[in-house]
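One structure below.
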Amino acid sequence: MRESSTVPEDVKQRLNRLLIFMVICFLILVISLWYLQMIKGEEFKERAVGNCIRTLVEDAPRGRIYDRQEELLVTNRPAVVVSIIPAEVDDLEKLSERLSKIIGISPEEISQIVKNYRENPFKPVKILDDCSTNKTVEIEERKDELKGVVLEVKPRRDYLYHDFAAHSLGYVGEIDKEELLQFGNPKYQGGDIIGKAGLEKYYDDILRGEKGGKEVEVDALGQEIATLLYQKPVPGKDLVLTIDRDLQLCGENLLFDKKGSIVVSDPNSGEILALVNRPSFNPNLFANGISSSDWQKLSFDTDYPLTNRSVQGLYSPGSIFKVVTAAAALEEGVTDIKRKIYCSGTFELAGRVFNCSKETGHGSLSIVDAITHSCNIYFYTLGKDLGIERFNKYMQKYGLGEKTGIDLPEEAIGTIPSAQWKERKIKEIWFPGDTINLSIGQGYLLLTPLLVHSLITTIAAEGEVYKLHLVKKIISADGNTVEEIKPEIHKKVNFSSDTFKIIKEGLRQTILKGTGWRANIQELAVAGKTGTAQNPQGETHAWFIGFAPYENPEVCITVFIENGGEGGVAAAPIARAMLEKYFNIKN
Amino acid sequence: MKEKLDRLTENIDFALLFAVVFLCFYGLLVLFSSTRLAVTTGSDPYFFVKRQSLWVLSGFIFLTIIMFIDYHNLERYSKVIYFGAIVLLMMVIISGRSTYGARRWLAIGPFDFQPSEFAKIALIMFLADFLSKNKLKFDNFLYYLLPFIYTGLLMLLVFVQPDLGTSLVYLAILIIMLFVAGIKIKFLVFTFFAGISSVPVLWIFLKDYQKNRLILFLNPNLDPLGGGYNVIQSRIAIGSGGFLGNGIFRGLQSQLNFLPAQHTDFIFSVVGEELGFVGTILLLGLYAIVLWRGIKIALEARDLLGSLLATGAVSFLFFHIVVNIGMAMGMLPATGLPLPFLSYGGSFMISNLMAIGILLNVELHKVKW
C-alpha cells in the first residue's frame, strides 16, 4: 500500500525553507494589522466616526454645445439641491417643520420623503430640486437649526434657445434601472444624468465627463471642518455642431405653426447646416426631471412634438421620387434625352386608369419637360417599361434601403417595397399597377425626410455622397481641439454624368418655368423639385428638394410640410426663404 | 466501492477542506455586506452573492473532477494543457471583450471568463511535469532557461492585455517552483540581473502607448482614479475597524461605496473595517491552514511530480494573499491582484478551487490505488 515517498531529501529541505519564508511573511502581515487596527485604530476610528465623515458626489459639468460659428447653444447652470442626510437628523418632525417654513413643502411631505428612503442613511435624500436663491440664502443663514440639511450645487443642463433644434440636441435625464442593467458598467451609477435622446444620447460618452467627489469632516453641528479627500470631476468635452444657429432659427420661424421638417446640408462635406423639426418641445423641461403632467402633455399630443420627423418620420415622398425613376430609366436605357412621350392626361394599364396632375394633359414631352412640369404620364410609362426588379436596383443604389448614418440615435429606415416585400408583408403578389404608383413616389413607399434629402445631395454632388453629420468637432473643456470630424464619403453612386446632367437640367427648369417657380430667386440659380404626396392621413404632404447654386452646389435643401397641401405652394416658398437667408439675399 | 470510499476518507485532508469551505462562506458574507447597497445591482441586494455562490459551486465541481484524475496522467497531457492556455490567451488578444481599456475576457455562451486565470493552473501543471522530468539536468544552464521561456510566453500574452499583476503571478509561481525543484541560486541571481539590464533595451521596442501603460503601472498616481485614493481609503477602513470592528453591514467606508473596488481587489478592507482585528486574524489563520496543509502535502507526496504540483498550487495562493493584503494596507503598490476565496469574480474563484483540487489530488494519490 503506502510506498515510501520518492521525493528527494533536498526538495523536502527547501520546502521547509519555503514554509519558514511564508511564516515570516504572515508574521509581517499580522504585525502590520496589529499596528494599523490595534495601535492606530482609535485614531482612524475618530477620523471615520467621531467626527462624522460626509461624502458628497460632485457631478462633472456636461460638455457644452455650440453652433458652427461657436455660438453657445447648450450649457450648464448651477442649480441648488436641498437634501437631508437621514443619519445626521436628530428629530425629523422638528426639522421638517423648520425646513417647510423656508422651502414651502409641507412638513408631512418632507418627513415622508426621508422615511421612504431606506437605502443608505449616509446618502443625501433630495427634498427640493433647483432651489431659488432667496430660499438658499435663508437655509444657509439658519444652518445651525437645520442639522442634517445639506445644500448641493449641481450643474443643470440649460438649453439657451428652449425648443430650438430640440430634436437634434435631445435631452438628458436620470439614468433608469433598465439602462443601468443594460450598460452593466460601473461607470454608470444610479442618479447619474445621461443623454436620453438626440446628440445628448449619441455623444453621451464624450459629453458626460467623470464625476468627482469629496469626503469632508463635519462636526456635531454639521459644519464642514476639513476636506479629507477631494477628487476633482473631469468635465465633459464640448461639441461644435455643423448647425448654423441663424439659419436654424430662420427655419424654426418659417415652420413655427406648421408640422414638418427642413434639412439643409452642404453636399461637399455632408455637414448639416439646419435640421428643423416642428412642432418641437422644450428640453429644459427634462433637465429638472420632467413633471408627470408635462410628460403626459407631450407624449399624448397628437401632433407628436417629441418625434424627430426628419429622421424618424416615414412619409410618402410623392413626385420628389421622380428623380429616382428618371435615373433608373436613363441608366437602363429605357429613355434618353430625345425620347418624347405624349401625355393626354390619363394612362391606362390593365383596365385601371391613372391620372396626370394636369387633367387636360401636357402634350408631347421630353424627360426634362416631364421633370419640369412633374408629368405623371411620362413617369408611369417609364415605370411600366422598367418593371419593379430594375426599379429596386436603383432605389438601393440611391441608398434608400439603408440609414444615412447621421449621428443621431433615432434614425429610422424607410419602407422600400419590392415584390418579395409585398408577398411577405401584405401576402399579395406585386401588381403592375403597384409599379405605376411607385414611379411617382406613391403607394407603399415610405421615406424619412432625411432619406429624401439624400436624393438631392446625391444629384447635387453627382454621386459622391458625403455622410450627413451634425458634429463638426469635439473640444476639450480647456479649449484645445480634440477631434476634428472630417467629411467622410458615405457612398458613391456611379450613374453616368449624362444622367446627372439631364436630371439637373430638369430640376433647373422646374424652378425657371415649372412647378417650383415659387422657389425662384433672381440673384441665384436654384434647382429643385416639388412633390405633393397623397396619404391616408388626409391633406397631401408638401415636399420640396433643391440645391443652389446650379453650377457649383453649396447647399442642398429639403422642405417637408405634413398635410401642408401642394409642394409648389406650401414647401417651395419656404425653401426660397431659407436659401435667401443662407446666401444673404434681401428681398 | 466501499474500499474506495474508505481510502478516500482516510486520505483526504479534512482540515484543508474545512478551511476552504469556511473561507468561501466567509467570503460570501463579506461580499454581501459590501455589495448589498451597490446601485449597480439594481433592486436585488443579492445580485453579486447569487452569482458568486454559483461560481463557488462550479468551482467545487472543478475541484472534485481535478481531485480524482490521478496526477500521473499529466505526463501525457501537460503539453496539451500548456498549448491550450496559449491558444486561449491569443484568442483573448484577437477577440476578447474589454473592460476599462483592458482585454481580459473571452465570452463562452452567456459567460465571460478570464483565460489568464486558468493559465495559472495550466502553468503549475506544465512546470511540475517539466521540472520533475528534468531535475537532474539542472546543472545545464540551457535546461534552466527553458522554463523561463515557457513561462515568459504566457507572461507576455497577459502583459499585452495589459495585466501586469497576473504576469507577475506567473513569475512568482515559476521562481518558487524552480527554487523547490533545486535550481542553483546563482542562476536565479544571474537571471534577475539579466532581466533588470534588459529593460532599457526592451524599452526601445515598445510603442508609445505601451510605454505610457508601463509608466502608469509603475506610478499608479498617474491613474485617473488615483491609485493613492484607494489605498488611503483602504487604510482608513482597515484601521477604523479596531479590535472588534464596526460589525458586519456597519462599515462606514464600505457601506458608503467609498472604496471603488470594494468587492473585488479591496475586499480585505471591508473585512478589516467591519470585523476588525479579530476578523482579519481569523482570515489569516484560515489562509495559514490552507498553506500549511499545502506544504505538508508537498512534503508527503509520493514523488517529485506530486510535490511540485502542490508547491505550485501553494505558491499561487500565497502570492495572491500576501500581495493583496499588503496592497490593502498600503505596504505594496496596487497591482490589482484579487484575494483568494473572497474577491468577487468567477474565473478567479474557480481557479482557486482548482488549485485546492490539485492539492487534494496529490494527497489522495500519495498511495497507489
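Going through the C-alpha cells in order, the chains are called A, B, and so on, while each chain numbers its residues from 1 and the ligands are numbered from 1 in the order shown.
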### DSSP strand (DSSP E) residues within stretch 380-571 of chain A, listed as a ChimeraX atom specification
/A:464-466,471-475,481-484,489-492,527-535,538-548,555-561
### Message
Measuring between only C-alpha atoms, which one of A:Gly289, A:Pro449, A:Pro233, A:Pro432 shows the shortest distance to chain B?
### Response
A:Pro233
### Query
Using only C-alpha atoms, which residues sit within 12 Å of A:Arg352 once same-chain residues fewer than 2 positions away are excluded, as a PyMOL selection string?
chain A and resi 346-350+354-355+431-434+436-437
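Our summary of the geometry notes that atom CA of B:Val189 is positioned 28.9 Å from atom CA of B:Phe83.
Note that the spacing between atom CA of A:Gly148 and atom CA of A:Ile84 amounts to 5.4 Å.
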### Task
Write out as a VMD selection string all residues of stretch 240-342 of chain B that DSSP puts in alpha helix (DSSP H) for this structure's backbone.
chain B and resid 240 252 to 255 267 to 300 304 to 328
### Query
Contacts of stretch 227-231 of chain A at 7 Å or less, counting only C-alpha atoms, minus same-chain residues fewer than 3 places along, as a PyMOL selection string?
chain A and resi 212-217
Just-selected residues, N, CA and C atoms written as a PDB file, in the first residue's frame:
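The new file result20.pdb reads:
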```pdb
ATOM      1  N   GLY A 212     -16.679  63.580  -9.772  1.00  0.00           N
ATOM      2  CA  GLY A 212     -15.731  63.517  -8.672  1.00  0.00           C
ATOM      3  C   GLY A 212     -16.489  63.433  -7.371  1.00  0.00           C
ATOM      4  N   GLY A 213     -15.805  63.709  -6.304  1.00  0.00           N
ATOM      5  CA  GLY A 213     -16.485  63.669  -5.034  1.00  0.00           C
ATOM      6  C   GLY A 213     -15.560  64.134  -3.968  1.00  0.00           C
ATOM      7  N   LYS A 214     -16.135  64.431  -2.813  1.00  0.00           N
ATOM      8  CA  LYS A 214     -15.245  64.764  -1.720  1.00  0.00           C
ATOM      9  C   LYS A 214     -15.743  64.138  -0.447  1.00  0.00           C
ATOM     10  N   GLU A 215     -14.795  63.950   0.430  1.00  0.00           N
ATOM     11  CA  GLU A 215     -15.113  63.423   1.736  1.00  0.00           C
ATOM     12  C   GLU A 215     -14.767  64.543   2.695  1.00  0.00           C
ATOM     13  N   VAL A 216     -15.760  65.036   3.402  1.00  0.00           N
ATOM     14  CA  VAL A 216     -15.480  66.135   4.317  1.00  0.00           C
ATOM     15  C   VAL A 216     -15.804  65.710   5.734  1.00  0.00           C
ATOM     16  N   GLU A 217     -15.065  66.246   6.669  1.00  0.00           N
ATOM     17  CA  GLU A 217     -15.377  66.002   8.075  1.00  0.00           C
ATOM     18  C   GLU A 217     -16.331  67.076   8.536  1.00  0.00           C
TER      19      GLU A 217
END
```
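Atom CA of A:Asp385 to atom CA of A:Gly333 spans 10.2 Å [interatomic distance, one decimal].
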Would you kindly return, as a PDB file with C-alpha atoms, in the first residue's frame, each protein, DNA or RNA residue with an atom no farther than 8 Å from any atom of B:Gly279, considering only C-alpha atoms and excluding same-chain residues fewer than 5 positions away?
```pdb
ATOM      1  CA  LEU B 244     -13.797  44.010  17.033  1.00  0.00           C
ATOM      2  CA  GLY B 245     -14.756  46.042  14.005  1.00  0.00           C
ATOM      3  CA  VAL B 271     -13.190  42.631   6.449  1.00  0.00           C
ATOM      4  CA  GLY B 272     -10.896  44.977   8.361  1.00  0.00           C
TER       5      GLY B 272
END
```
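Restricting the calculation to only C-alpha atoms, the smallest distance between chain A and any of B:Thr64, B:Ser95, B:Thr335, B:Asn11 is found for B:Asn11.
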Within 7 Å of A:His162, counting only C-alpha atoms, which residues qualify if same-chain residues fewer than 4 places away don't, as a PDB file with N, CA, C and O atoms, in the first residue's frame?
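In the end it all went to part.pdb:
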```
ATOM      1  N   ASN A 282     -39.585  71.738 -25.332  1.00  0.00           N
ATOM      2  CA  ASN A 282     -38.520  72.422 -24.613  1.00  0.00           C
ATOM      3  C   ASN A 282     -37.722  71.416 -23.785  1.00  0.00           C
ATOM      4  O   ASN A 282     -38.210  70.913 -22.781  1.00  0.00           O
ATOM      5  N   PRO A 283     -36.490  71.115 -24.204  1.00  0.00           N
ATOM      6  CA  PRO A 283     -35.718  70.094 -23.472  1.00  0.00           C
ATOM      7  C   PRO A 283     -35.381  70.509 -22.035  1.00  0.00           C
ATOM      8  O   PRO A 283     -35.042  69.665 -21.217  1.00  0.00           O
ATOM      9  N   ASN A 284     -35.508  71.814 -21.726  1.00  0.00           N
ATOM     10  CA  ASN A 284     -35.273  72.240 -20.339  1.00  0.00           C
ATOM     11  C   ASN A 284     -36.247  71.562 -19.383  1.00  0.00           C
ATOM     12  O   ASN A 284     -35.954  71.384 -18.207  1.00  0.00           O
TER      13      ASN A 284
END
```
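Each of B:Tyr344, B:Leu308, B:Asp70, B:Ser197 was checked against B:Phe48 using only C-alpha atoms; the smallest atom-to-atom distance is that of B:Tyr344.
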### Task
Tell me, as a PyMOL selection string, which residues lie within 10 Å of B:Ala15, counting only C-alpha atoms; anything in the same chain fewer than 2 positions away does not count.
chain B and resi 12-13+17-20+286+289-290+293
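The closest residue to chain A, picked from B:Val180, B:Val314, B:Met125, B:Met349 and counting only C-alpha atoms, is B:Val180.
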